[in-house]
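> My structure is stored as final_35.cif, with mmCIF, C-alpha atoms.
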```
data_start
#
loop_
_atom_site.group_PDB
_atom_site.id
_atom_site.type_symbol
_atom_site.label_atom_id
_atom_site.label_comp_id
_atom_site.auth_asym_id
_atom_site.auth_seq_id
_atom_site.Cartn_x
_atom_site.Cartn_y
_atom_site.Cartn_z
ATOM 1 C CA MET A 796 199.331 73.610 -54.909
ATOM 2 C CA THR A 797 202.480 72.574 -56.769
ATOM 3 C CA ILE A 798 205.541 72.011 -54.604
ATOM 4 C CA VAL A 799 209.025 72.487 -56.016
ATOM 5 C CA ASN A 800 210.900 69.993 -53.850
ATOM 6 C CA LYS A 801 214.537 71.096 -53.837
ATOM 7 C CA ASN A 802 216.500 69.861 -50.849
ATOM 8 C CA ASN A 803 219.162 72.554 -51.182
ATOM 9 C CA ILE A 804 217.072 75.435 -52.460
ATOM 10 C CA ASP A 805 218.769 78.833 -52.197
ATOM 11 C CA LEU A 806 216.580 81.381 -50.448
ATOM 12 C CA PRO A 807 217.023 85.158 -50.654
ATOM 13 C CA ARG A 808 218.783 86.771 -47.701
ATOM 14 C CA VAL A 809 217.995 90.202 -46.287
ATOM 15 C CA ASP A 810 220.441 92.848 -45.084
ATOM 16 C CA SER A 811 218.433 94.303 -42.205
ATOM 17 C CA ILE A 812 216.270 92.012 -40.098
ATOM 18 C CA ILE A 813 214.247 94.624 -38.207
ATOM 19 C CA GLY A 814 211.511 94.456 -40.822
ATOM 20 C CA GLU A 815 208.072 96.058 -40.626
ATOM 21 C CA GLY A 816 206.324 93.975 -37.984
ATOM 22 C CA LEU A 817 205.170 90.537 -36.849
ATOM 23 C CA ILE A 818 202.543 88.069 -38.050
ATOM 24 C CA TYR A 819 200.739 85.119 -36.425
ATOM 25 C CA PHE A 820 198.982 82.450 -38.479
ATOM 26 C CA ASN A 821 196.140 80.029 -37.787
ATOM 27 C CA LEU A 822 197.914 76.675 -37.510
ATOM 28 C CA ASN A 823 194.929 74.717 -38.813
ATOM 29 C CA HIS A 824 195.909 75.533 -42.383
ATOM 30 C CA PRO A 825 199.125 74.608 -44.249
ATOM 31 C CA LEU A 826 201.317 77.535 -45.280
ATOM 32 C CA PRO A 827 202.785 77.294 -48.806
ATOM 33 C CA LEU A 828 206.217 78.958 -48.936
ATOM 34 C CA PHE A 829 207.557 80.688 -52.037
ATOM 35 C CA ALA A 830 211.174 81.625 -52.634
ATOM 36 C CA THR A 831 210.431 84.971 -54.321
ATOM 37 C CA GLU A 832 207.510 87.262 -55.102
ATOM 38 C CA GLN A 833 207.555 86.151 -58.741
ATOM 39 C CA ASP A 834 207.307 82.408 -58.057
ATOM 40 C CA THR A 835 204.025 80.680 -58.859
ATOM 41 C CA ALA A 836 205.037 77.303 -57.405
ATOM 42 C CA ALA A 837 205.758 76.850 -53.696
ATOM 43 C CA TYR A 838 209.136 75.333 -52.827
ATOM 44 C CA ASP A 839 207.771 73.965 -49.532
ATOM 45 C CA THR A 840 204.710 73.836 -47.288
ATOM 46 C CA LEU A 841 204.700 74.304 -43.541
ATOM 47 C CA LYS A 842 202.193 72.169 -41.636
ATOM 48 C CA PHE A 843 201.323 71.908 -37.973
ATOM 49 C CA VAL A 844 200.483 68.395 -36.776
ATOM 50 C CA GLU A 845 199.199 67.530 -33.300
ATOM 51 C CA VAL A 846 200.840 64.590 -31.535
ATOM 52 C CA LYS A 847 198.138 61.959 -31.024
ATOM 53 C CA SER A 848 199.791 59.537 -28.574
ATOM 54 C CA GLY A 849 202.678 59.027 -26.164
ATOM 55 C CA PRO A 850 204.079 61.383 -23.499
ATOM 56 C CA ASN A 851 203.867 64.369 -25.873
ATOM 57 C CA LYS A 852 200.214 63.804 -26.717
ATOM 58 C CA GLY A 853 198.559 67.174 -27.308
ATOM 59 C CA LYS A 854 201.763 68.984 -28.274
ATOM 60 C CA GLY A 855 202.406 69.979 -31.853
ATOM 61 C CA GLU A 856 205.058 69.432 -34.490
ATOM 62 C CA PHE A 857 205.964 71.832 -37.277
ATOM 63 C CA LYS A 858 206.665 69.823 -40.423
ATOM 64 C CA THR A 859 208.115 70.807 -43.803
ATOM 65 C CA TYR A 860 209.164 68.933 -46.929
ATOM 66 C CA THR A 861 212.408 70.803 -47.450
ATOM 67 C CA LEU A 862 213.315 73.333 -44.754
ATOM 68 C CA GLY A 863 213.797 71.037 -41.783
ATOM 69 C CA ASN A 864 215.944 72.774 -39.167
ATOM 70 C CA ARG A 865 216.324 75.795 -41.440
ATOM 71 C CA LEU A 866 212.923 76.881 -40.135
ATOM 72 C CA LYS A 867 213.862 79.315 -37.354
ATOM 73 C CA PRO A 868 211.199 82.028 -37.223
ATOM 74 C CA TYR A 869 210.863 84.879 -34.727
ATOM 75 C CA GLU A 870 209.074 82.585 -32.281
ATOM 76 C CA MET A 871 207.641 79.079 -32.505
ATOM 77 C CA GLN A 872 205.981 77.218 -29.626
ATOM 78 C CA VAL A 873 204.619 73.658 -29.762
ATOM 79 C CA GLY A 874 202.239 74.175 -26.829
ATOM 80 C CA ASP A 875 201.413 71.989 -23.827
ATOM 81 C CA SER A 876 201.108 68.248 -23.834
ATOM 82 C CA ASP A 877 197.894 66.970 -22.233
ATOM 83 C CA LYS A 878 199.858 66.182 -19.079
ATOM 84 C CA GLU A 879 201.473 69.643 -18.965
ATOM 85 C CA ALA A 880 198.101 71.276 -19.580
ATOM 86 C CA GLU A 881 196.549 69.395 -16.650
ATOM 87 C CA SER A 882 199.386 70.528 -14.383
ATOM 88 C CA HIS A 883 199.111 74.168 -15.495
ATOM 89 C CA VAL A 884 195.353 74.246 -14.954
ATOM 90 C CA GLN A 885 195.791 72.780 -11.454
ATOM 91 C CA MET A 886 198.233 75.640 -10.745
ATOM 92 C CA GLY A 887 195.563 78.167 -11.737
ATOM 93 C CA LEU A 888 197.091 78.881 -15.136
ATOM 94 C CA ILE A 889 195.804 77.919 -18.587
ATOM 95 C CA ARG A 890 196.594 75.384 -21.267
ATOM 96 C CA PHE A 891 199.276 77.043 -23.377
ATOM 97 C CA ARG A 892 198.461 76.684 -27.054
ATOM 98 C CA PRO A 893 200.966 76.327 -29.899
ATOM 99 C CA TYR A 894 201.715 79.391 -31.984
ATOM 100 C CA LEU A 895 203.983 80.644 -34.733
ATOM 101 C CA ILE A 896 205.297 84.183 -35.262
ATOM 102 C CA PHE A 897 207.211 85.384 -38.308
ATOM 103 C CA ARG A 898 209.072 88.661 -38.619
ATOM 104 C CA VAL A 899 207.634 90.526 -41.596
ATOM 105 C CA ILE A 900 210.395 92.052 -43.703
ATOM 106 C CA LYS A 901 208.077 93.589 -46.281
ATOM 107 C CA LYS A 902 204.350 93.662 -46.955
ATOM 108 C CA ILE A 903 203.341 93.673 -50.609
ATOM 109 C CA ASP A 904 200.105 93.208 -52.527
ATOM 110 C CA ASN A 905 198.473 89.963 -51.347
ATOM 111 C CA ALA A 906 201.744 88.658 -49.902
ATOM 112 C CA ILE A 907 204.414 89.205 -47.280
ATOM 113 C CA VAL A 908 208.137 88.563 -47.183
ATOM 114 C CA VAL A 909 209.013 86.872 -43.894
ATOM 115 C CA LEU A 910 212.283 85.986 -42.217
ATOM 116 C CA ILE A 911 212.228 82.196 -42.400
ATOM 117 C CA ASN A 912 215.506 81.875 -40.466
ATOM 118 C CA GLU A 913 216.439 84.528 -37.886
ATOM 119 C CA GLU A 914 220.068 83.361 -37.830
ATOM 120 C CA THR A 915 220.908 83.079 -41.530
ATOM 121 C CA LYS A 916 218.545 85.930 -42.571
ATOM 122 C CA GLU A 917 216.941 83.700 -45.205
ATOM 123 C CA SER A 918 213.524 84.893 -46.331
ATOM 124 C CA SER A 919 210.441 83.470 -48.010
ATOM 125 C CA VAL A 920 207.140 84.734 -49.370
ATOM 126 C CA ILE A 921 203.709 83.806 -48.007
ATOM 127 C CA LYS A 922 200.551 84.676 -49.933
ATOM 128 C CA ILE A 923 197.834 86.354 -47.832
ATOM 129 C CA ASP A 924 194.384 87.876 -48.186
ATOM 130 C CA ASP A 925 194.094 91.103 -46.181
ATOM 131 C CA HIS A 926 190.453 90.290 -45.412
ATOM 132 C CA ASN A 927 191.732 87.525 -43.120
ATOM 133 C CA ASN A 928 193.659 89.895 -40.859
ATOM 134 C CA ILE A 929 191.794 89.838 -37.540
ATOM 135 C CA ARG A 930 193.571 92.807 -35.970
ATOM 136 C CA GLU A 931 190.939 95.326 -34.836
ATOM 137 C CA GLU A 932 191.724 98.590 -33.075
ATOM 138 C CA ASP A 933 189.730 100.239 -30.312
ATOM 139 C CA LYS A 934 189.043 103.981 -30.187
ATOM 140 C CA ASP A 935 192.550 104.593 -28.803
ATOM 141 C CA GLY A 936 194.230 102.688 -31.627
ATOM 142 C CA ASN A 937 195.070 99.655 -29.481
ATOM 143 C CA ALA A 938 194.297 96.007 -30.257
ATOM 144 C CA PHE A 939 194.020 92.896 -28.118
ATOM 145 C CA PHE A 940 195.445 89.600 -29.286
ATOM 146 C CA ASP A 941 196.583 86.465 -27.512
ATOM 147 C CA PRO A 942 197.287 83.170 -29.318
ATOM 148 C CA ASN A 943 195.765 81.327 -26.354
ATOM 149 C CA PHE A 944 192.441 83.155 -26.717
ATOM 150 C CA VAL A 945 191.632 83.634 -30.395
ATOM 151 C CA ASP A 946 187.974 84.541 -30.829
ATOM 152 C CA THR A 947 187.001 84.660 -34.495
ATOM 153 C CA LYS A 948 184.730 82.855 -36.931
ATOM 154 C CA ASN A 949 187.346 83.339 -39.657
ATOM 155 C CA ASP A 950 188.883 79.899 -40.099
ATOM 156 C CA ASN A 951 191.826 81.181 -42.130
ATOM 157 C CA TRP A 952 192.806 84.106 -39.933
ATOM 158 C CA PHE A 953 196.150 85.785 -39.396
ATOM 159 C CA PHE A 954 197.131 88.643 -37.095
ATOM 160 C CA TYR A 955 199.556 91.210 -38.494
ATOM 161 C CA GLU A 956 200.929 94.147 -36.532
ATOM 162 C CA THR A 957 203.595 96.723 -37.260
ATOM 163 C CA TRP A 958 206.464 97.121 -34.809
ATOM 164 C CA PRO A 959 204.956 100.236 -33.174
ATOM 165 C CA GLN A 960 201.678 98.340 -32.745
ATOM 166 C CA ALA A 961 203.498 95.305 -31.308
ATOM 167 C CA LEU A 962 205.491 97.442 -28.863
ATOM 168 C CA LYS A 963 202.352 99.128 -27.511
ATOM 169 C CA ARG A 964 200.464 95.819 -27.294
ATOM 170 C CA ALA A 965 203.273 93.870 -25.595
ATOM 171 C CA PHE A 966 202.506 92.632 -22.082
ATOM 172 C CA LEU A 967 205.907 93.924 -21.011
ATOM 173 C CA ILE A 968 209.365 94.812 -22.310
ATOM 174 C CA SER A 969 212.755 94.554 -20.650
ATOM 175 C CA LEU A 970 215.947 96.489 -21.374
ATOM 176 C CA PRO A 971 219.626 95.552 -21.448
ATOM 177 C CA LYS A 972 221.406 97.166 -18.508
ATOM 178 C CA ASP A 973 223.700 99.117 -20.840
ATOM 179 C CA LEU A 974 220.875 100.635 -22.938
ATOM 180 C CA PRO A 975 220.798 104.432 -22.361
ATOM 181 C CA ILE A 976 217.572 106.067 -21.174
ATOM 182 C CA PHE A 977 216.643 109.626 -22.120
ATOM 183 C CA ASP A 978 214.218 112.313 -20.992
ATOM 184 C CA GLN A 979 212.928 112.704 -24.577
ATOM 185 C CA PRO A 980 213.879 111.500 -28.081
ATOM 186 C CA ASN A 981 217.444 112.653 -28.823
ATOM 187 C CA GLY A 982 217.347 114.424 -25.467
ATOM 188 C CA LYS A 983 219.331 114.304 -22.253
ATOM 189 C CA GLN A 984 220.557 110.932 -21.040
ATOM 190 C CA LEU A 985 219.217 110.098 -17.597
ATOM 191 C CA ALA A 986 221.602 108.854 -14.920
ATOM 192 C CA VAL A 987 219.426 106.128 -13.410
ATOM 193 C CA ALA A 988 220.263 102.723 -12.016
ATOM 194 C CA LYS A 989 218.110 100.316 -14.000
ATOM 195 C CA GLN A 990 217.127 97.403 -11.823
ATOM 196 C CA GLU A 991 215.507 94.180 -12.980
ATOM 197 C CA THR A 992 212.429 96.178 -13.870
ATOM 198 C CA ASN A 993 209.798 95.540 -16.492
ATOM 199 C CA PHE A 994 208.189 98.261 -18.558
ATOM 200 C CA ARG A 995 205.196 99.016 -20.737
ATOM 201 C CA VAL A 996 205.458 101.072 -23.911
ATOM 202 C CA LEU A 997 203.248 104.166 -23.794
ATOM 203 C CA ALA A 998 204.072 105.676 -27.171
ATOM 204 C CA VAL A 999 206.296 105.179 -30.194
ATOM 205 C CA GLU A 1000 207.846 107.958 -32.258
ATOM 206 C CA GLY A 1001 210.021 106.626 -35.050
ATOM 207 C CA ASP A 1002 213.037 104.863 -33.529
ATOM 208 C CA TRP A 1003 212.044 105.927 -30.024
ATOM 209 C CA ALA A 1004 209.684 104.408 -27.464
ATOM 210 C CA ARG A 1005 208.320 106.063 -24.334
ATOM 211 C CA ILE A 1006 208.403 103.569 -21.460
ATOM 212 C CA SER A 1007 207.062 103.428 -17.914
ATOM 213 C CA ASN A 1008 207.519 100.949 -15.074
ATOM 214 C CA GLU A 1009 204.384 102.114 -13.213
ATOM 215 C CA GLN A 1010 202.562 98.786 -13.613
ATOM 216 C CA TYR A 1011 205.521 96.754 -12.342
ATOM 217 C CA LEU A 1012 206.790 98.747 -9.367
ATOM 218 C CA TYR A 1013 208.083 96.902 -6.332
ATOM 219 C CA GLU A 1014 208.485 98.428 -2.894
ATOM 220 C CA GLY A 1015 211.409 100.828 -2.978
ATOM 221 C CA ASP A 1016 211.439 101.168 -6.769
ATOM 222 C CA LYS A 1017 211.290 104.598 -8.337
ATOM 223 C CA LEU A 1018 208.773 105.509 -10.987
ATOM 224 C CA LEU A 1019 210.482 105.846 -14.350
ATOM 225 C CA ASP A 1020 208.901 107.572 -17.340
ATOM 226 C CA ALA A 1021 211.527 107.909 -20.065
ATOM 227 C CA TRP A 1022 212.484 107.236 -23.678
ATOM 228 C CA VAL A 1023 214.678 104.557 -25.239
ATOM 229 C CA LYS A 1024 215.803 103.836 -28.771
ATOM 230 C CA TRP A 1025 213.947 100.592 -29.407
ATOM 231 C CA HIS A 1026 215.929 99.593 -32.500
ATOM 232 C CA ASP A 1027 219.211 100.560 -34.050
ATOM 233 C CA GLN A 1028 221.107 99.438 -37.162
ATOM 234 C CA GLY A 1029 218.579 96.764 -38.038
ATOM 235 C CA LYS A 1030 218.371 95.122 -34.598
ATOM 236 C CA LEU A 1031 215.967 95.318 -31.675
ATOM 237 C CA ASN A 1032 217.469 96.920 -28.573
ATOM 238 C CA ILE A 1033 214.757 95.630 -26.250
ATOM 239 C CA HIS A 1034 213.127 92.308 -25.419
ATOM 240 C CA LEU A 1035 209.381 91.928 -25.860
ATOM 241 C CA MET A 1036 207.079 89.594 -23.985
ATOM 242 C CA LEU A 1037 204.177 89.888 -26.349
ATOM 243 C CA ASN A 1038 201.626 87.839 -24.418
ATOM 244 C CA GLY A 1039 201.215 87.235 -20.711
ATOM 245 C CA GLY A 1040 199.258 87.933 -17.545
ATOM 246 C CA TYR A 1041 197.700 84.485 -17.092
ATOM 247 C CA GLU A 1042 197.934 84.275 -13.307
#
```
Give the structure from this file in structure tokens form.


Amino acid sequence: MTIVNKNNIDLPRVDSIIGEGLIYFNLNHPLPLFATEQDTAAYDTLKFVEVKSGPNKGKGEFKTYTLGNRLKPYEMQVGDSDKEAESHVQMGLIRFRPYLIFRVIKKIDNAIVVLINEETKESSVIKIDDHNNIREEDKDGNAFFDPNFVDTKNDNWFFYETWPQALKRAFLISLPKDLPIFDQPNGKQLAVAKQETNFRVLAVEGDWARISNEQYLYEGDKLLDAWVKWHDQGKLNIHLMLNGGYE
């Protein structure tokens, strides 16, 4: 793979950052990054390298030739050090593995446009083979995925999900206190006092998500089954915890 090493390369910027969904990649393989769909030479390559010694032994580092601190994807975790992993296991948890999530702005033939920097809205292109997508739905259209428990023989896997799929898969979502809640899409606003309550998404219809707090009720809480506008003007209105439930 040819690398075009330009320290100050200009990357395309996008207007709306909501995009089409999210994508995880297997960190065992380098990811060549292209500036545009037409480019045949990568301007950079993203690699994940495990720390082999010292207090951070077992953690990971994300390395690039060019991007440096311009790499600010949707979410990027370096995972536990060996010492942190030992402590978590003793607490009855798990060893938390490193993972990388990009926001997918557009999916095209054999490639995706991702938001390489969530702050500057700079984008890049990553070449993919759809046969390596390990997302599999059950009879209800749902899919399980957790970066800590990837079970596949595909060594070059990725996991791509649209926003509606991600919302319904998320372990929980939380809402800003000022986000209105409705009885139905474009319906009547409900006068409820939202506490520090977590929700699951039951259904998605366009810009709207049906939410319920049934799985996270505390004593004295009221059951809430309502609708919220999950995105507006190119921004998410809600916070997603995509993976969880390790206790």

> Using only C-alpha atoms, determine which residues lie at most 12 Å from region 950-956 of chain A, disregarding the query and same-chain residues fewer than 6 positions distant; provide the list as an MDAnalysis selection string.

chainID A and resid 814:826 894:899 901:902 906:907 909 921:932 936:942 962:965 1037

> For a quick check of understanding, using only C-alpha atoms, which of A:Asn1008, A:Ile976, A:Lys916, A:Leu997 has the smallest distance to Ile813 (chain A)?

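Closest residue, counting only C-alpha atoms: A:Lys916.
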
> Show me the residues around (205.9, 74.6, -47.0) - criterion: an atom at most 12 Å away, only C-alpha atoms counted - as number ranges by chain.

A: 796-801, 824-830, 836-843, 857-863, 865-866, 911, 919-922

> Work out how far apart CA of Ser882 (chain A) and CA of Val945 (chain A) are and give it in Å to one decimal.

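Pair CA of Ser882 (chain A) / CA of Val945 (chain A) returns 22.1 Å.
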
> Can you work out the spacing between CA of Asp935 (chain A) and CA of Gly1039 (chain A) in Å, to one decimal?

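If I compute the distance from CA of Asp935 (chain A) to CA of Gly1039 (chain A), I get 21.0 Å.
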
> Which centre and edge lengths in Å to one decimal define the box along x, y and z that fits every listed atom of region 933-942 of chain A plus 4 Å per side, as JSON?


```
{"center_x": 193.2, "center_y": 93.9, "center_z": -29.6, "size_x": 16.2, "size_y": 29.4, "size_z": 12.1}
```

> Restricting the calculation to all atoms listed in the file: of A:Val996, A:Lys878, A:Glu832, A:Lys1024, which residue gets closest to Asn981 (chain A)?

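Using all atoms listed in the file, Asn981 (chain A) sits closest to A:Lys1024.
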
> For the file shown, report as a short mmCIF file (atom, residue, chain, number, x, y, z; two decimals) with C-alpha atoms, keeping the file's coordinate frame the outcome of the PyMOL selection byres ((chain A and resi 969) around 9) at residue level.


```
data_model
loop_
_atom_site.label_atom_id
_atom_site.label_comp_id
_atom_site.auth_asym_id
_atom_site.auth_seq_id
_atom_site.Cartn_x
_atom_site.Cartn_y
_atom_site.Cartn_z
CA LEU A 967 205.91 93.92 -21.01
CA ILE A 968 209.36 94.81 -22.31
CA LEU A 970 215.95 96.49 -21.37
CA PRO A 971 219.63 95.55 -21.45
CA GLU A 991 215.51 94.18 -12.98
CA THR A 992 212.43 96.18 -13.87
CA ASN A 993 209.80 95.54 -16.49
CA PHE A 994 208.19 98.26 -18.56
CA ARG A 995 205.20 99.02 -20.74
CA ILE A 1033 214.76 95.63 -26.25
CA HIS A 1034 213.13 92.31 -25.42
CA LEU A 1035 209.38 91.93 -25.86
CA MET A 1036 207.08 89.59 -23.98
#
```

> Please write as a PyMOL selection string the full residue list that the PyMOL selection byres ((chain A and resi 915) around 10) yields on this file.

chain A and resi 808-809+865+867+910-914+916-918

> Using only C-alpha atoms for the distances, tell me which of A:Gln885, A:Val844, A:Lys934, A:Ile900 is nearest to Pro807 (chain A).

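Ranking A:Gln885, A:Val844, A:Lys934, A:Ile900 by distance to Pro807 (chain A), first place goes to A:Ile900.
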
> Care to translate the PyMOL selection byres ((chain A and resi 853) around 6) into actual residues of this file, as a PDB file with C-alpha atoms, keeping the file's coordinate frame?


```
ATOM      1  CA  VAL A 846     200.840  64.590 -31.535  1.00  0.00           C
ATOM      2  CA  LYS A 852     200.214  63.804 -26.717  1.00  0.00           C
ATOM      3  CA  LYS A 854     201.763  68.984 -28.274  1.00  0.00           C
ATOM      4  CA  SER A 876     201.108  68.248 -23.834  1.00  0.00           C
ATOM      5  CA  ASP A 877     197.894  66.970 -22.233  1.00  0.00           C
TER       6      ASP A 877
END
```

> Rounded to one decimal, what separation in Å do you get between CA of Arg1005 (chain A) and CA of Asp1020 (chain A)?

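Computing the Euclidean distance for CA of Arg1005 (chain A) and CA of Asp1020 (chain A) yields 7.2 Å.
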
> Smallest atom-to-atom distance to Asn1038 (chain A): which of A:Asn943, A:Gln1010, A:Ser848, A:Asn803, using only C-alpha atoms?

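Among A:Asn943, A:Gln1010, A:Ser848, A:Asn803, it is A:Asn943 that comes nearest to Asn1038 (chain A).
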
> If you count only C-alpha atoms, which residues fall within 8 Å of Trp1022 (chain A), apart from same-chain ones fewer than 6 positions away, as a PyMOL selection string?

chain A and resi 976-980+1003-1006

> Emit a file covering region 806-820 of chain A of the preceding structure with N, CA, C and O atoms, as a PDB file, in the first residue's frame.


```
ATOM      1  N   LEU A 806      -8.205  17.577   4.470  1.00  0.00           N
ATOM      2  CA  LEU A 806      -9.219  16.542   4.378  1.00  0.00           C
ATOM      3  C   LEU A 806     -10.592  17.164   4.178  1.00  0.00           C
ATOM      4  O   LEU A 806     -10.871  18.241   4.722  1.00  0.00           O
ATOM      5  N   PRO A 807     -11.453  16.505   3.402  1.00  0.00           N
ATOM      6  CA  PRO A 807     -12.805  17.037   3.195  1.00  0.00           C
ATOM      7  C   PRO A 807     -13.559  17.156   4.513  1.00  0.00           C
ATOM      8  O   PRO A 807     -13.392  16.335   5.424  1.00  0.00           O
ATOM      9  N   ARG A 808     -14.373  18.198   4.621  1.00  0.00           N
ATOM     10  CA  ARG A 808     -15.222  18.393   5.792  1.00  0.00           C
ATOM     11  C   ARG A 808     -16.686  18.187   5.397  1.00  0.00           C
ATOM     12  O   ARG A 808     -17.068  18.449   4.268  1.00  0.00           O
ATOM     13  N   VAL A 809     -17.475  17.708   6.354  1.00  0.00           N
ATOM     14  CA  VAL A 809     -18.884  17.446   6.083  1.00  0.00           C
ATOM     15  C   VAL A 809     -19.736  18.489   6.785  1.00  0.00           C
ATOM     16  O   VAL A 809     -19.333  19.079   7.794  1.00  0.00           O
ATOM     17  N   ASP A 810     -20.930  18.736   6.238  1.00  0.00           N
ATOM     18  CA  ASP A 810     -21.832  19.727   6.819  1.00  0.00           C
ATOM     19  C   ASP A 810     -22.590  19.159   8.017  1.00  0.00           C
ATOM     20  O   ASP A 810     -22.639  19.755   9.082  1.00  0.00           O
ATOM     21  N   SER A 811     -23.205  17.995   7.828  1.00  0.00           N
ATOM     22  CA  SER A 811     -23.962  17.357   8.891  1.00  0.00           C
ATOM     23  C   SER A 811     -23.194  16.144   9.395  1.00  0.00           C
ATOM     24  O   SER A 811     -22.725  15.333   8.594  1.00  0.00           O
ATOM     25  N   ILE A 812     -23.072  16.009  10.708  1.00  0.00           N
ATOM     26  CA  ILE A 812     -22.274  14.911  11.244  1.00  0.00           C
ATOM     27  C   ILE A 812     -23.122  13.744  11.737  1.00  0.00           C
ATOM     28  O   ILE A 812     -22.590  12.795  12.306  1.00  0.00           O
ATOM     29  N   ILE A 813     -24.446  13.784  11.556  1.00  0.00           N
ATOM     30  CA  ILE A 813     -25.243  12.670  12.053  1.00  0.00           C
ATOM     31  C   ILE A 813     -24.883  11.394  11.321  1.00  0.00           C
ATOM     32  O   ILE A 813     -24.732  10.334  11.921  1.00  0.00           O
ATOM     33  N   GLY A 814     -24.711  11.470  10.009  1.00  0.00           N
ATOM     34  CA  GLY A 814     -24.278  10.313   9.248  1.00  0.00           C
ATOM     35  C   GLY A 814     -25.319   9.216   9.169  1.00  0.00           C
ATOM     36  O   GLY A 814     -26.498   9.403   9.490  1.00  0.00           O
ATOM     37  N   GLU A 815     -24.866   8.018   8.754  1.00  0.00           N
ATOM     38  CA  GLU A 815     -25.768   6.892   8.535  1.00  0.00           C
ATOM     39  C   GLU A 815     -25.677   5.838   9.625  1.00  0.00           C
ATOM     40  O   GLU A 815     -26.583   5.022   9.768  1.00  0.00           O
ATOM     41  N   GLY A 816     -24.577   5.813  10.371  1.00  0.00           N
ATOM     42  CA  GLY A 816     -24.440   4.786  11.396  1.00  0.00           C
ATOM     43  C   GLY A 816     -23.064   4.773  12.012  1.00  0.00           C
ATOM     44  O   GLY A 816     -22.332   5.771  11.961  1.00  0.00           O
ATOM     45  N   LEU A 817     -22.686   3.625  12.572  1.00  0.00           N
ATOM     46  CA  LEU A 817     -21.414   3.462  13.274  1.00  0.00           C
ATOM     47  C   LEU A 817     -20.724   2.197  12.791  1.00  0.00           C
ATOM     48  O   LEU A 817     -21.377   1.236  12.371  1.00  0.00           O
ATOM     49  N   ILE A 818     -19.384   2.184  12.889  1.00  0.00           N
ATOM     50  CA  ILE A 818     -18.632   1.004  12.467  1.00  0.00           C
ATOM     51  C   ILE A 818     -17.473   0.743  13.426  1.00  0.00           C
ATOM     52  O   ILE A 818     -16.784   1.667  13.853  1.00  0.00           O
ATOM     53  N   TYR A 819     -17.320  -0.541  13.812  1.00  0.00           N
ATOM     54  CA  TYR A 819     -16.190  -1.026  14.592  1.00  0.00           C
ATOM     55  C   TYR A 819     -15.269  -1.798  13.658  1.00  0.00           C
ATOM     56  O   TYR A 819     -15.744  -2.483  12.740  1.00  0.00           O
ATOM     57  N   PHE A 820     -13.971  -1.753  13.939  1.00  0.00           N
ATOM     58  CA  PHE A 820     -13.007  -2.508  13.144  1.00  0.00           C
ATOM     59  C   PHE A 820     -12.182  -3.430  14.029  1.00  0.00           C
ATOM     60  O   PHE A 820     -11.912  -3.130  15.197  1.00  0.00           O
TER      61      PHE A 820
END
```
